[in-house]
Amino acid sequence: MEEFKKPASLKQGLMPYMKKVSIIMPCYNEEKFIARAIETLVDDYVLENAEILVVDGQSTDQTAAIVTGFMEKGDPVKLLENEKKLQCHGLNLGISVAVGEFVVRVDAHSTYPEGYVKKLVHLLETTDAVNVGGVMSPTGQPPVQQAIALAMQHPIGVGDAKFHLGNFKGYVDTVYLGAFRKRIFETVGLFDTNCRTNEDAELNIRLLKAGEKIYLDSSIQVEYLPRDTFGKLALQYFRYGMGRAYTTVKHRLFTSYRQAAPPLLAIGLAASLGLSFLNPLFLLFWACYILAIAAVALFTWPGRNISIKLRVLMGIAFMVMHTTWGTGFLSFFIKRTK
């Protein structure tokens with residue numbers, strides 16, 4: 001884990017903050033999405049009070065050129081190069097050069113509601129939380145992406161995580177993206193660079209252990225574009241599982257039952273498949289799992305206009321998310337034993 005280093009202005013006792021807010025956007029090859037992300041962030045409040053630090057992991061597409069275009073037209077955007085490429089390093093680089101009292105983390109793959117930054121700063125100023133945020137609101141266009149978006153809003157897909165499910169205002173264990181009081185990084189350190197995914201949840205555990213608070217306001221909804229193929233989703237959730245395993249080992253802590261269910265499911269499916277060579281009845285475990293997923297996918301949200309095709313695809317998304325997260329979690333421990 002990298003340590004927080006004060007900017008030179010703080011070390012020399014000069015004015016500690018030249019802007020009220022520093023918005024940090026790590027990215028890599030986001031030419032399709034980054035313009036829209038920046039456009040939805042920039043408003044009168046941001047123009048007057050914030051800087052946007054785009055930390056690019058050496059993109060090979062037109063990401064850097066698009067960001068430069070915003071800089072040339074006078075928007076408060078700066079482009080930083082993340083030589084280590086990974087998101088955790090990008091976030092830490094941004095924090096180390098940020099000049100704002102508050103740090104707002106954003107994603108180049110998302111779009112933001114009107115007044116997003118101002119609302120987060122208001123929460124930081126009016127609550128005793130050091131990290132505040134809203135909910136992830138997945139959306140998509142192609143059928144597979146739409147189905148994945150639906151799965152990411154359902155308890156069967158994401159468990160009891162309030163920043164996925166919404167309809168909650170109050171103190172929680174984690175939020176989507178987040179906005180921080182910058183001083184907190186001096187207390188608990190920066191994002192853990194050994195945690196290549198799940199770095200936000202790992203940081204939040206440290207915040208809670210330090211006696212700090214995290215606040216969720218579900219009226220703040222960030223539109224997120226999920227992966228558009230099941231293959232990309234599988235890779236994403238496999239990495240999520242590995243990241244959560246690292247966090248669990250580091251802190252010796254399961255923060256929710258939802259983290260234990262996927263690895264137990266993966267073990268059960270693998271065991272039943274292996275034992276089926278001795279007795280085919282063991283395949284009943286697979287059958288029960290598939291039937292349960294099918295029932296949830298076909299009959300949940302009865303009042304919503306969701307086609308049968310989308311419901312079937314949502315069921316597949318559930319299974320991809322469950323099995324790859326679970327195997328990713330288990331693979332972390334398998335690698336540790338080698």
# chains A, B, ... in the order shown; residues from 1 in each chain; ligands from 1
call {"tool": "residues_around", "arguments": {"residues": "region 151-153 of chain A", "least_positions_apart": "5", "cutoff": "6 Å", "atoms": "only C-alpha atoms", "output": "tab-separated table (two decimals) with N, CA and C atoms, in the first residue's frame"}}
result
chain	number	residue	atom	x	y	z
A	158	VAL	N	-26.26	-9.28	-7.28
A	158	VAL	CA	-25.30	-8.46	-6.52
A	158	VAL	C	-25.50	-8.55	-5.01
A	164	HIS	N	-25.96	-0.92	-5.11
A	164	HIS	CA	-26.54	-1.52	-6.31
A	164	HIS	C	-28.06	-1.44	-6.28
A	165	LEU	N	-28.64	-1.67	-5.11
A	165	LEU	CA	-30.08	-1.83	-5.02
A	165	LEU	C	-30.82	-0.51	-4.85
A	314	MET	N	-30.64	-12.56	-18.91
A	314	MET	CA	-30.36	-12.15	-17.53
A	314	MET	C	-30.02	-13.37	-16.68
call {"tool": "select_by_dssp", "arguments": {"residues": "region 212-262 of chain A", "states": "strand (DSSP E)", "output": "list in words"}}
result
Ile214, Tyr215, Leu216, Asp217, Ser218, Ser219, Ile220, Gln221, Val222, Glu223 and Tyr224 of chain A
call {"tool": "write_last_selection", "arguments": {"atoms": "N, CA and C atoms", "output": "PDB file, in the first residue's frame"}}
result
ATOM      1  N   ILE A 214     -19.121   6.175   6.359  1.00  0.00           N
ATOM      2  CA  ILE A 214     -19.378   6.217   4.916  1.00  0.00           C
ATOM      3  C   ILE A 214     -20.876   6.419   4.729  1.00  0.00           C
ATOM      4  N   TYR A 215     -21.242   7.326   3.844  1.00  0.00           N
ATOM      5  CA  TYR A 215     -22.659   7.685   3.701  1.00  0.00           C
ATOM      6  C   TYR A 215     -23.122   7.498   2.261  1.00  0.00           C
ATOM      7  N   LEU A 216     -24.289   6.864   2.123  1.00  0.00           N
ATOM      8  CA  LEU A 216     -24.896   6.624   0.809  1.00  0.00           C
ATOM      9  C   LEU A 216     -26.178   7.429   0.664  1.00  0.00           C
ATOM     10  N   ASP A 217     -26.308   8.118  -0.461  1.00  0.00           N
ATOM     11  CA  ASP A 217     -27.553   8.801  -0.812  1.00  0.00           C
ATOM     12  C   ASP A 217     -28.016   8.234  -2.154  1.00  0.00           C
ATOM     13  N   SER A 218     -29.035   7.378  -2.122  1.00  0.00           N
ATOM     14  CA  SER A 218     -29.453   6.675  -3.334  1.00  0.00           C
ATOM     15  C   SER A 218     -30.180   7.570  -4.331  1.00  0.00           C
ATOM     16  N   SER A 219     -30.463   8.820  -3.946  1.00  0.00           N
ATOM     17  CA  SER A 219     -31.045   9.745  -4.927  1.00  0.00           C
ATOM     18  C   SER A 219     -29.999  10.200  -5.942  1.00  0.00           C
ATOM     19  N   ILE A 220     -28.728   9.981  -5.636  1.00  0.00           N
ATOM     20  CA  ILE A 220     -27.630  10.297  -6.562  1.00  0.00           C
ATOM     21  C   ILE A 220     -27.326   9.032  -7.353  1.00  0.00           C
ATOM     22  N   GLN A 221     -27.704   9.024  -8.606  1.00  0.00           N
ATOM     23  CA  GLN A 221     -27.576   7.823  -9.424  1.00  0.00           C
ATOM     24  C   GLN A 221     -26.634   8.068 -10.600  1.00  0.00           C
ATOM     25  N   VAL A 222     -25.599   7.245 -10.680  1.00  0.00           N
ATOM     26  CA  VAL A 222     -24.604   7.340 -11.740  1.00  0.00           C
ATOM     27  C   VAL A 222     -24.898   6.271 -12.787  1.00  0.00           C
ATOM     28  N   GLU A 223     -25.063   6.688 -14.017  1.00  0.00           N
ATOM     29  CA  GLU A 223     -25.347   5.738 -15.095  1.00  0.00           C
ATOM     30  C   GLU A 223     -24.060   5.029 -15.501  1.00  0.00           C
ATOM     31  N   TYR A 224     -24.113   3.713 -15.452  1.00  0.00           N
ATOM     32  CA  TYR A 224     -22.929   2.894 -15.722  1.00  0.00           C
ATOM     33  C   TYR A 224     -23.203   1.963 -16.886  1.00  0.00           C
TER      34      TYR A 224
END
call {"tool": "residues_around", "arguments": {"residues": "region 325-331 of chain A", "least_positions_apart": "2", "cutoff": "8 Å", "atoms": "only C-alpha atoms", "output": "PyMOL selection string"}}
result
chain A and resi 234+237-245+261-266+321-323+333-335
call {"tool": "write_last_selection", "arguments": {"atoms": "C-alpha atoms", "output": "PDB file, in the first residue's frame"}}
result
ATOM      1  CA  ALA A 234     -16.726 -13.373 -16.910  1.00  0.00           C
ATOM      2  CA  TYR A 237     -16.125 -10.932 -12.239  1.00  0.00           C
ATOM      3  CA  PHE A 238     -13.237 -13.397 -12.060  1.00  0.00           C
ATOM      4  CA  ARG A 239     -10.991 -10.437 -11.238  1.00  0.00           C
ATOM      5  CA  TYR A 240     -13.565  -9.126  -8.763  1.00  0.00           C
ATOM      6  CA  GLY A 241     -13.495 -12.473  -6.987  1.00  0.00           C
ATOM      7  CA  MET A 242      -9.692 -12.473  -6.778  1.00  0.00           C
ATOM      8  CA  GLY A 243      -9.715  -8.913  -5.462  1.00  0.00           C
ATOM      9  CA  ARG A 244     -12.262  -9.724  -2.783  1.00  0.00           C
ATOM     10  CA  ALA A 245     -10.233 -12.774  -1.729  1.00  0.00           C
ATOM     11  CA  ALA A 261     -22.075 -17.651  -1.407  1.00  0.00           C
ATOM     12  CA  PRO A 262     -20.287 -17.655  -4.829  1.00  0.00           C
ATOM     13  CA  PRO A 263     -17.204 -19.655  -3.752  1.00  0.00           C
ATOM     14  CA  LEU A 264     -19.425 -22.159  -1.935  1.00  0.00           C
ATOM     15  CA  LEU A 265     -21.555 -22.439  -5.069  1.00  0.00           C
ATOM     16  CA  ALA A 266     -18.466 -22.975  -7.244  1.00  0.00           C
ATOM     17  CA  MET A 321     -21.436 -13.611 -12.358  1.00  0.00           C
ATOM     18  CA  HIS A 322     -21.852 -16.293  -9.686  1.00  0.00           C
ATOM     19  CA  THR A 323     -19.491 -18.897 -11.088  1.00  0.00           C
ATOM     20  CA  PHE A 333      -6.092 -19.291  -2.531  1.00  0.00           C
ATOM     21  CA  ILE A 334      -4.944 -21.914  -5.035  1.00  0.00           C
ATOM     22  CA  LYS A 335      -2.197 -19.557  -6.252  1.00  0.00           C
TER      23      LYS A 335
END
call {"tool": "closest_residue", "arguments": {"among": "A:Asn305, A:Ser137, A:Gln259, A:Thr111", "to": "Ala149 (chain A)", "atoms": "only C-alpha atoms"}}
result
A:Ser137
call {"tool": "closest_residue", "arguments": {"among": "A:Asp200, A:Asp128, A:Asp228, A:Asp44", "to": "Pro143 (chain A)", "atoms": "only C-alpha atoms"}}
result
A:Asp228
call {"tool": "residues_around", "arguments": {"residues": "Asp192 (chain A)", "least_positions_apart": "5", "cutoff": "12 Å", "atoms": "only C-alpha atoms", "output": "number ranges by chain"}}
result
A: 1-4, 86-92, 185, 197-206, 243, 246-247, 250
call {"tool": "closest_atom_pairs", "arguments": {"of": "region 304-326 of chain A", "to": "region 271-294 of chain A", "cutoff": "8 Å", "atoms": "only C-alpha atoms", "output": "tab-separated table"}}
result
residue	atom	partner	partner_atom	distance
A:Val312	CA	A:Ala294	CA	7.3
A:Gly315	CA	A:Ile293	CA	5.9
A:Phe318	CA	A:Ile293	CA	7.4
A:Met319	CA	A:Ile293	CA	7.6
call {"tool": "closest_residue", "arguments": {"among": "A:Ala179, A:Leu310, A:Ala98, A:Ala65", "to": "Ser22 (chain A)", "atoms": "only C-alpha atoms"}}
result
A:Ala98
